[in-house]
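*Asks:* So I've got this file, work-v7.cif, and it contains mmCIF, C-alpha atoms and all ligand atoms; chains and numbers go by the auth columns:
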```
data_my_file
#
loop_
_atom_site.group_PDB
_atom_site.id
_atom_site.type_symbol
_atom_site.label_atom_id
_atom_site.label_comp_id
_atom_site.label_asym_id
_atom_site.label_seq_id
_atom_site.Cartn_x
_atom_site.Cartn_y
_atom_site.Cartn_z
_atom_site.B_iso_or_equiv
_atom_site.auth_seq_id
_atom_site.auth_asym_id
ATOM 1 C CA MET A 1 -3.848 39.317 -32.868 0.00 154 O
ATOM 2 C CA PRO A 2 -1.394 36.486 -32.083 0.00 155 O
ATOM 3 C CA HIS A 3 -1.664 34.962 -28.624 0.00 156 O
ATOM 4 C CA ALA A 4 1.453 35.644 -26.514 0.00 157 O
ATOM 5 C CA HIS A 5 1.267 32.113 -25.104 0.00 158 O
ATOM 6 C CA ALA A 6 -0.484 29.410 -27.113 0.00 159 O
ATOM 7 C CA TYR A 7 0.527 26.024 -25.782 0.00 160 O
ATOM 8 C CA ILE A 8 -0.631 22.448 -26.190 0.00 161 O
ATOM 9 C CA PHE A 9 0.275 19.641 -23.811 0.00 162 O
ATOM 10 C CA PHE A 10 0.598 16.077 -25.056 0.00 163 O
ATOM 11 C CA GLY A 11 1.239 13.030 -22.982 0.00 164 O
ATOM 12 C CA ILE A 12 -0.341 9.703 -22.447 0.00 165 O
ATOM 13 C CA GLN A 13 -2.923 9.836 -19.616 0.00 166 O
ATOM 14 C CA GLY A 14 -0.974 9.659 -16.375 0.00 167 O
ATOM 15 C CA ALA A 15 2.175 11.278 -17.824 0.00 168 O
ATOM 16 C CA GLY A 16 1.518 14.389 -15.744 0.00 169 O
ATOM 17 C CA LYS A 17 0.070 16.473 -18.556 0.00 170 O
ATOM 18 C CA GLY A 18 -2.814 17.859 -16.476 0.00 171 O
ATOM 19 C CA THR A 19 -0.576 18.623 -13.474 0.00 172 O
ATOM 20 C CA GLN A 20 2.007 20.433 -15.591 0.00 173 O
ATOM 21 C CA ALA A 21 -0.670 22.335 -17.525 0.00 174 O
ATOM 22 C CA GLN A 22 -2.127 23.540 -14.195 0.00 175 O
ATOM 23 C CA LEU A 23 1.303 24.672 -12.981 0.00 176 O
ATOM 24 C CA LEU A 24 1.972 26.611 -16.169 0.00 177 O
ATOM 25 C CA SER A 25 -1.544 28.065 -16.090 0.00 178 O
ATOM 26 C CA ASN A 26 -0.940 29.370 -12.542 0.00 179 O
ATOM 27 C CA LYS A 27 2.483 30.746 -13.408 0.00 180 O
ATOM 28 C CA LEU A 28 1.347 32.632 -16.511 0.00 181 O
ATOM 29 C CA GLY A 29 -2.214 33.500 -15.404 0.00 182 O
ATOM 30 C CA ILE A 30 -3.755 32.005 -18.542 0.00 183 O
ATOM 31 C CA PRO A 31 -6.484 29.334 -18.620 0.00 184 O
ATOM 32 C CA GLN A 32 -5.909 25.620 -18.941 0.00 185 O
ATOM 33 C CA ILE A 33 -8.524 24.174 -21.247 0.00 186 O
ATOM 34 C CA SER A 34 -9.027 20.476 -20.582 0.00 187 O
ATOM 35 C CA THR A 35 -11.606 18.907 -22.884 0.00 188 O
ATOM 36 C CA GLY A 36 -11.725 15.852 -20.579 0.00 189 O
ATOM 37 C CA ASP A 37 -12.693 18.082 -17.602 0.00 190 O
ATOM 38 C CA ILE A 38 -15.300 19.930 -19.689 0.00 191 O
ATOM 39 C CA LEU A 39 -16.836 16.627 -20.832 0.00 192 O
ATOM 40 C CA ARG A 40 -16.866 15.092 -17.334 0.00 193 O
ATOM 41 C CA ASP A 41 -18.537 18.239 -16.017 0.00 194 O
ATOM 42 C CA ALA A 42 -21.172 18.080 -18.796 0.00 195 O
ATOM 43 C CA ILE A 43 -21.826 14.419 -17.898 0.00 196 O
ATOM 44 C CA ALA A 44 -22.101 15.221 -14.175 0.00 197 O
ATOM 45 C CA ARG A 45 -24.656 17.934 -14.979 0.00 198 O
ATOM 46 C CA GLN A 46 -26.391 15.649 -17.529 0.00 199 O
ATOM 47 C CA THR A 47 -26.550 18.396 -20.165 0.00 200 O
ATOM 48 C CA ASP A 48 -27.548 17.361 -23.728 0.00 201 O
ATOM 49 C CA ALA A 49 -23.874 17.249 -24.764 0.00 202 O
ATOM 50 C CA GLY A 50 -23.048 15.325 -21.583 0.00 203 O
ATOM 51 C CA LYS A 51 -25.644 12.640 -22.327 0.00 204 O
ATOM 52 C CA ARG A 52 -24.346 12.248 -25.893 0.00 205 O
ATOM 53 C CA VAL A 53 -20.672 11.803 -24.893 0.00 206 O
ATOM 54 C CA GLN A 54 -21.102 9.679 -21.742 0.00 207 O
ATOM 55 C CA SER A 55 -20.810 6.233 -23.352 0.00 208 O
ATOM 56 C CA PHE A 56 -17.602 7.192 -25.220 0.00 209 O
ATOM 57 C CA LEU A 57 -15.865 8.242 -21.990 0.00 210 O
ATOM 58 C CA GLU A 58 -17.049 5.099 -20.218 0.00 211 O
ATOM 59 C CA ARG A 59 -15.563 2.926 -22.967 0.00 212 O
ATOM 60 C CA GLY A 60 -12.313 4.937 -23.072 0.00 213 O
ATOM 61 C CA GLU A 61 -12.975 5.894 -26.701 0.00 214 O
ATOM 62 C CA LEU A 62 -12.512 9.272 -28.328 0.00 215 O
ATOM 63 C CA VAL A 63 -15.622 11.408 -28.635 0.00 216 O
ATOM 64 C CA PRO A 64 -16.387 11.906 -32.380 0.00 217 O
ATOM 65 C CA ASP A 65 -15.201 15.184 -33.919 0.00 218 O
ATOM 66 C CA ASP A 66 -18.742 16.479 -34.567 0.00 219 O
ATOM 67 C CA LEU A 67 -19.439 16.288 -30.813 0.00 220 O
ATOM 68 C CA ILE A 68 -16.065 17.556 -29.543 0.00 221 O
ATOM 69 C CA PHE A 69 -15.731 20.592 -31.862 0.00 222 O
ATOM 70 C CA PRO A 70 -18.739 22.538 -30.515 0.00 223 O
ATOM 71 C CA VAL A 71 -17.619 21.798 -26.935 0.00 224 O
ATOM 72 C CA PHE A 72 -14.116 23.071 -27.649 0.00 225 O
ATOM 73 C CA THR A 73 -15.025 26.136 -29.727 0.00 226 O
ATOM 74 C CA ALA A 74 -17.572 27.283 -27.121 0.00 227 O
ATOM 75 C CA ARG A 75 -14.871 27.222 -24.432 0.00 228 O
ATOM 76 C CA PHE A 76 -12.257 28.758 -26.745 0.00 229 O
ATOM 77 C CA ALA A 77 -14.564 31.684 -27.531 0.00 230 O
ATOM 78 C CA GLU A 78 -14.631 32.812 -23.882 0.00 231 O
ATOM 79 C CA PRO A 79 -12.746 36.103 -23.317 0.00 232 O
ATOM 80 C CA ASP A 80 -10.174 34.694 -20.870 0.00 233 O
ATOM 81 C CA THR A 81 -8.339 32.990 -23.772 0.00 234 O
ATOM 82 C CA GLN A 82 -7.294 36.344 -25.295 0.00 235 O
ATOM 83 C CA ALA A 83 -3.995 36.604 -23.393 0.00 236 O
ATOM 84 C CA GLY A 84 -3.143 32.991 -24.090 0.00 237 O
ATOM 85 C CA PHE A 85 -4.170 29.434 -23.291 0.00 238 O
ATOM 86 C CA ILE A 86 -2.915 25.975 -22.497 0.00 239 O
ATOM 87 C CA LEU A 87 -4.675 23.079 -24.184 0.00 240 O
ATOM 88 C CA ASP A 88 -4.809 19.765 -22.364 0.00 241 O
ATOM 89 C CA GLY A 89 -6.518 16.910 -24.227 0.00 242 O
ATOM 90 C CA PHE A 90 -7.197 18.796 -27.450 0.00 243 O
ATOM 91 C CA PRO A 91 -6.354 18.302 -30.296 0.00 244 O
ATOM 92 C CA ARG A 92 -6.224 14.513 -30.230 0.00 245 O
ATOM 93 C CA THR A 93 -6.482 13.856 -33.988 0.00 246 O
ATOM 94 C CA VAL A 94 -4.974 15.506 -37.057 0.00 247 O
ATOM 95 C CA VAL A 95 -8.490 16.595 -38.081 0.00 248 O
ATOM 96 C CA GLN A 96 -8.850 18.382 -34.713 0.00 249 O
ATOM 97 C CA ALA A 97 -5.346 19.918 -35.117 0.00 250 O
ATOM 98 C CA GLU A 98 -6.257 21.260 -38.555 0.00 251 O
ATOM 99 C CA GLY A 99 -9.529 22.634 -37.153 0.00 252 O
ATOM 100 C CA LEU A 100 -7.596 24.358 -34.374 0.00 253 O
ATOM 101 C CA ASP A 101 -5.108 25.846 -36.859 0.00 254 O
ATOM 102 C CA LYS A 102 -8.030 27.339 -38.829 0.00 255 O
ATOM 103 C CA LEU A 103 -9.553 28.782 -35.669 0.00 256 O
ATOM 104 C CA LEU A 104 -6.206 30.362 -34.742 0.00 257 O
ATOM 105 C CA ALA A 105 -5.446 31.581 -38.280 0.00 258 O
ATOM 106 C CA ALA A 106 -8.787 33.442 -38.231 0.00 259 O
ATOM 107 C CA GLN A 107 -7.346 35.407 -35.280 0.00 260 O
ATOM 108 C CA ASP A 108 -3.910 35.833 -36.962 0.00 261 O
ATOM 109 C CA SER A 109 -2.551 33.496 -34.331 0.00 262 O
ATOM 110 C CA GLN A 110 -0.763 30.168 -34.161 0.00 263 O
ATOM 111 C CA ILE A 111 0.542 27.610 -31.656 0.00 264 O
ATOM 112 C CA THR A 112 3.670 28.865 -29.833 0.00 265 O
ATOM 113 C CA LYS A 113 4.839 25.435 -28.657 0.00 266 O
ATOM 114 C CA ALA A 114 3.463 21.899 -28.312 0.00 267 O
ATOM 115 C CA ILE A 115 4.916 20.113 -25.289 0.00 268 O
ATOM 116 C CA HIS A 116 5.073 16.317 -25.253 0.00 269 O
ATOM 117 C CA ILE A 117 5.653 14.687 -21.842 0.00 270 O
ATOM 118 C CA ARG A 118 6.933 11.168 -22.472 0.00 271 O
ATOM 119 C CA LEU A 119 6.287 8.232 -20.107 0.00 272 O
ATOM 120 C CA GLU A 120 6.853 4.451 -20.217 0.00 273 O
ATOM 121 C CA GLU A 121 3.718 2.262 -20.034 0.00 274 O
ATOM 122 C CA ASP A 122 4.482 0.403 -16.748 0.00 275 O
ATOM 123 C CA VAL A 123 5.155 3.681 -14.904 0.00 276 O
ATOM 124 C CA LEU A 124 1.899 4.995 -16.294 0.00 277 O
ATOM 125 C CA LEU A 125 -0.302 2.074 -15.115 0.00 278 O
ATOM 126 C CA ASP A 126 1.117 2.442 -11.614 0.00 279 O
ATOM 127 C CA ARG A 127 0.464 6.183 -11.574 0.00 280 O
ATOM 128 C CA LEU A 128 -3.143 5.930 -12.733 0.00 281 O
ATOM 129 C CA ALA A 129 -3.955 3.362 -10.026 0.00 282 O
ATOM 130 C CA HIS A 130 -2.909 5.940 -7.386 0.00 283 O
ATOM 131 C CA ARG A 131 -4.359 9.117 -8.908 0.00 284 O
ATOM 132 C CA TRP A 132 -6.904 11.182 -6.914 0.00 285 O
ATOM 133 C CA ILE A 133 -8.592 14.311 -8.286 0.00 286 O
ATOM 134 C CA CYS A 134 -10.459 17.138 -6.551 0.00 287 O
ATOM 135 C CA ARG A 135 -14.143 17.320 -7.455 0.00 288 O
ATOM 136 C CA SER A 136 -14.182 21.102 -6.970 0.00 289 O
ATOM 137 C CA CYS A 137 -10.916 22.469 -8.449 0.00 290 O
ATOM 138 C CA ASN A 138 -9.524 19.438 -10.372 0.00 291 O
ATOM 139 C CA ALA A 139 -6.216 19.483 -8.475 0.00 292 O
ATOM 140 C CA ILE A 140 -4.396 16.174 -8.936 0.00 293 O
ATOM 141 C CA TYR A 141 -2.758 14.048 -6.211 0.00 294 O
ATOM 142 C CA ASN A 142 -0.857 10.761 -6.157 0.00 295 O
ATOM 143 C CA GLN A 143 -1.410 8.584 -3.107 0.00 296 O
ATOM 144 C CA LEU A 144 2.263 7.508 -3.165 0.00 297 O
ATOM 145 C CA THR A 145 4.305 10.411 -4.507 0.00 298 O
ATOM 146 C CA SER A 146 2.270 13.570 -3.788 0.00 299 O
ATOM 147 C CA PRO A 147 -0.538 12.707 -1.322 0.00 300 O
ATOM 148 C CA PRO A 148 -2.915 15.342 0.061 0.00 301 O
ATOM 149 C CA ARG A 149 -2.261 16.429 3.680 0.00 302 O
ATOM 150 C CA GLU A 150 -5.570 14.846 4.750 0.00 303 O
ATOM 151 C CA PRO A 151 -6.751 11.681 2.936 0.00 304 O
ATOM 152 C CA GLY A 152 -9.700 12.351 0.622 0.00 305 O
ATOM 153 C CA LYS A 153 -9.513 16.143 1.020 0.00 306 O
ATOM 154 C CA CYS A 154 -8.008 18.731 -1.352 0.00 307 O
ATOM 155 C CA ASP A 155 -5.128 20.804 0.110 0.00 308 O
ATOM 156 C CA ALA A 156 -6.044 23.798 -2.059 0.00 309 O
ATOM 157 C CA CYS A 157 -9.825 24.075 -1.563 0.00 310 O
ATOM 158 C CA SER A 158 -10.851 21.313 0.894 0.00 311 O
ATOM 159 C CA GLY A 159 -12.938 19.712 -1.887 0.00 312 O
ATOM 160 C CA GLU A 160 -13.666 15.998 -1.970 0.00 313 O
ATOM 161 C CA LEU A 161 -11.101 13.822 -3.795 0.00 314 O
ATOM 162 C CA TYR A 162 -12.218 11.042 -6.142 0.00 315 O
ATOM 163 C CA GLN A 163 -10.660 8.413 -8.425 0.00 316 O
ATOM 164 C CA ARG A 164 -11.705 8.416 -12.085 0.00 317 O
ATOM 165 C CA THR A 165 -13.581 5.208 -12.889 0.00 318 O
ATOM 166 C CA ASP A 166 -11.642 4.925 -16.184 0.00 319 O
ATOM 167 C CA ASP A 167 -8.345 5.046 -14.206 0.00 320 O
ATOM 168 C CA GLN A 168 -9.351 1.889 -12.314 0.00 321 O
ATOM 169 C CA ASP A 169 -10.397 -0.119 -15.347 0.00 322 O
ATOM 170 C CA VAL A 170 -7.351 -1.791 -16.920 0.00 323 O
ATOM 171 C CA ALA A 171 -9.229 -2.644 -20.144 0.00 324 O
ATOM 172 C CA ALA A 172 -10.261 1.018 -20.553 0.00 325 O
ATOM 173 C CA ILE A 173 -6.696 2.151 -19.816 0.00 326 O
ATOM 174 C CA LYS A 174 -5.303 -0.186 -22.491 0.00 327 O
ATOM 175 C CA GLU A 175 -7.889 1.222 -24.919 0.00 328 O
ATOM 176 C CA ARG A 176 -6.745 4.760 -24.036 0.00 329 O
ATOM 177 C CA ILE A 177 -3.089 3.794 -24.541 0.00 330 O
ATOM 178 C CA ALA A 178 -3.880 2.184 -27.909 0.00 331 O
ATOM 179 C CA SER A 179 -5.894 5.183 -29.093 0.00 332 O
ATOM 180 C CA PHE A 180 -3.141 7.509 -27.843 0.00 333 O
ATOM 181 C CA HIS A 181 -0.533 5.771 -29.982 0.00 334 O
ATOM 182 C CA THR A 182 -2.599 5.332 -33.127 0.00 335 O
ATOM 183 C CA LEU A 183 -3.947 8.880 -33.246 0.00 336 O
ATOM 184 C CA THR A 184 -1.902 11.171 -31.044 0.00 337 O
ATOM 185 C CA ASP A 185 1.488 10.034 -32.389 0.00 338 O
ATOM 186 C CA GLU A 186 0.301 11.431 -35.692 0.00 339 O
ATOM 187 C CA VAL A 187 -0.749 14.745 -34.088 0.00 340 O
ATOM 188 C CA ILE A 188 2.613 15.013 -32.330 0.00 341 O
ATOM 189 C CA ARG A 189 4.325 14.536 -35.714 0.00 342 O
ATOM 190 C CA TYR A 190 2.044 17.248 -37.143 0.00 343 O
ATOM 191 C CA TYR A 191 3.492 19.761 -34.662 0.00 344 O
ATOM 192 C CA ALA A 192 7.042 18.410 -35.099 0.00 345 O
ATOM 193 C CA ASP A 193 6.645 19.138 -38.829 0.00 346 O
ATOM 194 C CA GLN A 194 5.579 22.693 -37.957 0.00 347 O
ATOM 195 C CA GLY A 195 8.786 23.029 -35.899 0.00 348 O
ATOM 196 C CA VAL A 196 6.990 23.817 -32.615 0.00 349 O
ATOM 197 C CA LEU A 197 7.332 20.489 -30.760 0.00 350 O
ATOM 198 C CA VAL A 198 9.377 20.137 -27.557 0.00 351 O
ATOM 199 C CA GLU A 199 9.754 16.850 -25.641 0.00 352 O
ATOM 200 C CA VAL A 200 10.294 16.368 -21.903 0.00 353 O
ATOM 201 C CA GLU A 201 10.921 13.167 -19.879 0.00 354 O
ATOM 202 C CA GLY A 202 7.921 12.553 -17.571 0.00 355 O
ATOM 203 C CA ASN A 203 9.506 10.011 -15.221 0.00 356 O
ATOM 204 C CA GLN A 204 10.954 12.647 -12.863 0.00 357 O
ATOM 205 C CA SER A 205 9.533 14.663 -9.954 0.00 358 O
ATOM 206 C CA ILE A 206 6.762 17.176 -10.716 0.00 359 O
ATOM 207 C CA GLU A 207 9.195 20.035 -10.018 0.00 360 O
ATOM 208 C CA ALA A 208 11.897 18.602 -12.304 0.00 361 O
ATOM 209 C CA VAL A 209 9.425 18.127 -15.170 0.00 362 O
ATOM 210 C CA PHE A 210 8.132 21.686 -14.695 0.00 363 O
ATOM 211 C CA SER A 211 11.674 23.141 -14.728 0.00 364 O
ATOM 212 C CA ALA A 212 12.429 21.233 -17.923 0.00 365 O
ATOM 213 C CA ILE A 213 9.258 22.620 -19.523 0.00 366 O
ATOM 214 C CA LEU A 214 10.029 26.211 -18.510 0.00 367 O
ATOM 215 C CA ALA A 215 13.546 25.838 -19.926 0.00 368 O
ATOM 216 C CA GLU A 216 12.189 24.472 -23.213 0.00 369 O
ATOM 217 C CA LEU A 217 9.699 27.370 -23.463 0.00 370 O
ATOM 218 C CA GLY A 218 12.370 29.959 -22.657 0.00 371 O
ATOM 219 C CA LEU A 219 10.435 31.055 -19.549 0.00 372 O
ATOM 220 C CA VAL A 220 13.245 30.875 -16.966 0.00 373 O
HETATM 221 P P1 LIG B . -8.834 13.081 -20.580 0.00 401 X
HETATM 222 O O1 LIG B . -9.337 13.686 -19.323 0.00 401 X
HETATM 223 O O2 LIG B . -8.036 14.052 -21.429 0.00 401 X
HETATM 224 O O3 LIG B . -8.096 11.802 -20.329 0.00 401 X
HETATM 225 O O4 LIG B . -10.118 12.692 -21.464 0.00 401 X
HETATM 226 C C1 LIG B . -11.060 11.763 -20.996 0.00 401 X
HETATM 227 C C2 LIG B . -11.941 11.283 -22.122 0.00 401 X
HETATM 228 O O5 LIG B . -12.646 12.398 -22.712 0.00 401 X
HETATM 229 C C3 LIG B . -11.216 10.639 -23.305 0.00 401 X
HETATM 230 O O6 LIG B . -10.941 9.275 -23.061 0.00 401 X
HETATM 231 C C4 LIG B . -12.228 10.840 -24.438 0.00 401 X
HETATM 232 O O7 LIG B . -13.299 9.928 -24.316 0.00 401 X
HETATM 233 C C5 LIG B . -12.777 12.238 -24.124 0.00 401 X
HETATM 234 N N1 LIG B . -12.029 13.334 -24.793 0.00 401 X
HETATM 235 C C6 LIG B . -11.321 14.328 -24.189 0.00 401 X
HETATM 236 N N2 LIG B . -10.762 15.153 -25.101 0.00 401 X
HETATM 237 C C7 LIG B . -11.137 14.688 -26.325 0.00 401 X
HETATM 238 C C8 LIG B . -10.862 15.086 -27.678 0.00 401 X
HETATM 239 N N3 LIG B . -10.080 16.151 -27.954 0.00 401 X
HETATM 240 N N4 LIG B . -11.422 14.361 -28.674 0.00 401 X
HETATM 241 C C9 LIG B . -12.185 13.287 -28.417 0.00 401 X
HETATM 242 N N5 LIG B . -12.463 12.846 -27.176 0.00 401 X
HETATM 243 C C10 LIG B . -11.953 13.526 -26.125 0.00 401 X
#
```
Step by step, read the file and then write its structure as structure tokens.
*Replies:*
Amino acid sequence: MPHAHAYIFFGIQGAGKGTQAQLLSNKLGIPQISTGDILRDAIARQTDAGKRVQSFLERGELVPDDLIFPVFTARFAEPDTQAGFILDGFPRTVVQAEGLDKLLAAQDSQITKAIHIRLEEDVLLDRLAHRWICRSCNAIYNQLTSPPREPGKCDACSGELYQRTDDQDVAAIKERIASFHTLTDEVIRYYADQGVLVEVEGNQSIEAVFSAILAELGLV
């Protein structure tokens, strides 16, 4: 059966992709699937998969397809994806996009819309330097533009806030930007060719970006 809401978010790290995916997930009551969060959790728990992917994340490189596919398909197979899902961080290559299409086609489903949040590079570097994330619920804060009420503590669940080590490492960030442009530009074109791509300007307030997304998805 087709999924009522099958969305993918694209955006260079720091564009607000995770924040917007969380907002849409809360609004529609469908899960946000972030491969980055799944991988970081596997590393924190030092599972077999976590140990195998750790060095790739530390270097800011993409995890090879043969390691990422099992991680993604295991999460995708969970029953909460039946009503719909929001993908954040997957697919990142055309090979992954084709794999996803096959997975969906097997369920007579397809992507409803792919949403690309655009952001200039200098705005992005500034945002990453100020990004704080909750260890418990993954809520995202910005020290300058959307700080938590109490420093270091999550407004939503009181969890501890941390900064990603790869957000503080300029060389790793540049590697992520380079890999975003070489690979993800191609994936974005893949969805443009399918006629499901929408683009939104990311250099606006969180609320303004979210309104633009809802308008593009016809959800207002
Ligand atoms: P993110 O949280 O989306 O920025 O992802 C953090 C890191 O996880 C990336 O830099 C990659 O090393 C890895 N990663 C996440 N999603 C994927 C994917 N779909 N394919 C390959 N590597 C991924």
*Asks:* Distance limit 6 Å, reference ligand LIG 401 (chain X), atoms considered: only C-alpha atoms and all ligand atoms. Which residues make the cut? Give them as a list in words.
*Replies:*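 Residues lying within 6 Å of ligand LIG 401 (chain X): Gln166, Thr188, Gly189, Asp190, Phe209, Leu210, Gly213, Glu214, Leu215, Val216, Pro217, Ile221, Gly242, Phe243, Pro244 and Arg245 of chain O.
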*Asks:* Given only C-alpha atoms, how would the per-residue table for segment 229-309 of chain O near segment 177-187 of chain O read, listing every residue at most 8 Å away with its closest atom pair and distance in Å to one decimal, sorted by chain and number, as a Markdown table?
*Replies:*
```
| residue | atom | partner | partner_atom | distance |
| --- | --- | --- | --- | --- |
| O:Asp233 | CA | O:Pro184 | CA | 6.9 |
| O:Thr234 | CA | O:Pro184 | CA | 6.6 |
| O:Ala236 | CA | O:Ile183 | CA | 6.7 |
| O:Gly237 | CA | O:Ile183 | CA | 5.7 |
| O:Phe238 | CA | O:Pro184 | CA | 5.2 |
| O:Ile239 | CA | O:Gln185 | CA | 4.7 |
| O:Leu240 | CA | O:Ile186 | CA | 5.0 |
| O:Asp241 | CA | O:Ser187 | CA | 4.6 |
| O:Gly242 | CA | O:Ser187 | CA | 5.7 |
| O:Phe243 | CA | O:Ser187 | CA | 7.3 |
```
*Asks:* Name the residues captured by the PyMOL selection byres (((chain O and resi 291) around 12) and not hetatm) when it is applied to the shown file; answer as a VMD selection string.
*Replies:* chain O and resid 171 to 172 174 to 175 185 to 187 189 to 191 193 to 194 284 to 290 292 to 294 306 to 317
*Asks:* Within 12 Å of His334 of chain O, counting all atoms listed in the file, which residues qualify if same-chain residues fewer than 3 places away don't, as number ranges by chain?
*Replies:* O: 163-166, 245-246, 271, 274, 327-331, 337-342
*Asks:* Find the residues of segment 168-192 of chain O that sit at most 8 Å from segment 358-370 of chain O; for each, write down the nearest two atoms and how far apart they are in Å, to one decimal. Count all atoms listed in the file. Sort by chain, then by number going up, and give it as JSON lines.
*Replies:*
```
{"residue": "O:Gly169", "atom": "CA", "partner": "O:Ile359", "partner_atom": "CA", "distance": 7.8}
{"residue": "O:Thr172", "atom": "CA", "partner": "O:Ile359", "partner_atom": "CA", "distance": 8.0}
{"residue": "O:Gln173", "atom": "CA", "partner": "O:Phe363", "partner_atom": "CA", "distance": 6.3}
{"residue": "O:Leu176", "atom": "CA", "partner": "O:Phe363", "partner_atom": "CA", "distance": 7.6}
```
*Asks:* Go through O:Asn295, O:Ala159, O:Lys170, O:Gly371 and flag the residue nearest Asp279 of chain O, using only C-alpha atoms for the distances.
*Replies:*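 Of all the options, O:Asn295 lies closest to Asp279 of chain O.
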*Asks:* Where does the PyMOL selection byres (((chain O and resi 202-204) around 10) and not hetatm) land in this file, that is, which residues does it pick, as a ChimeraX atom specification?
*Replies:* /O:191-201,205-208,220-221,223-224
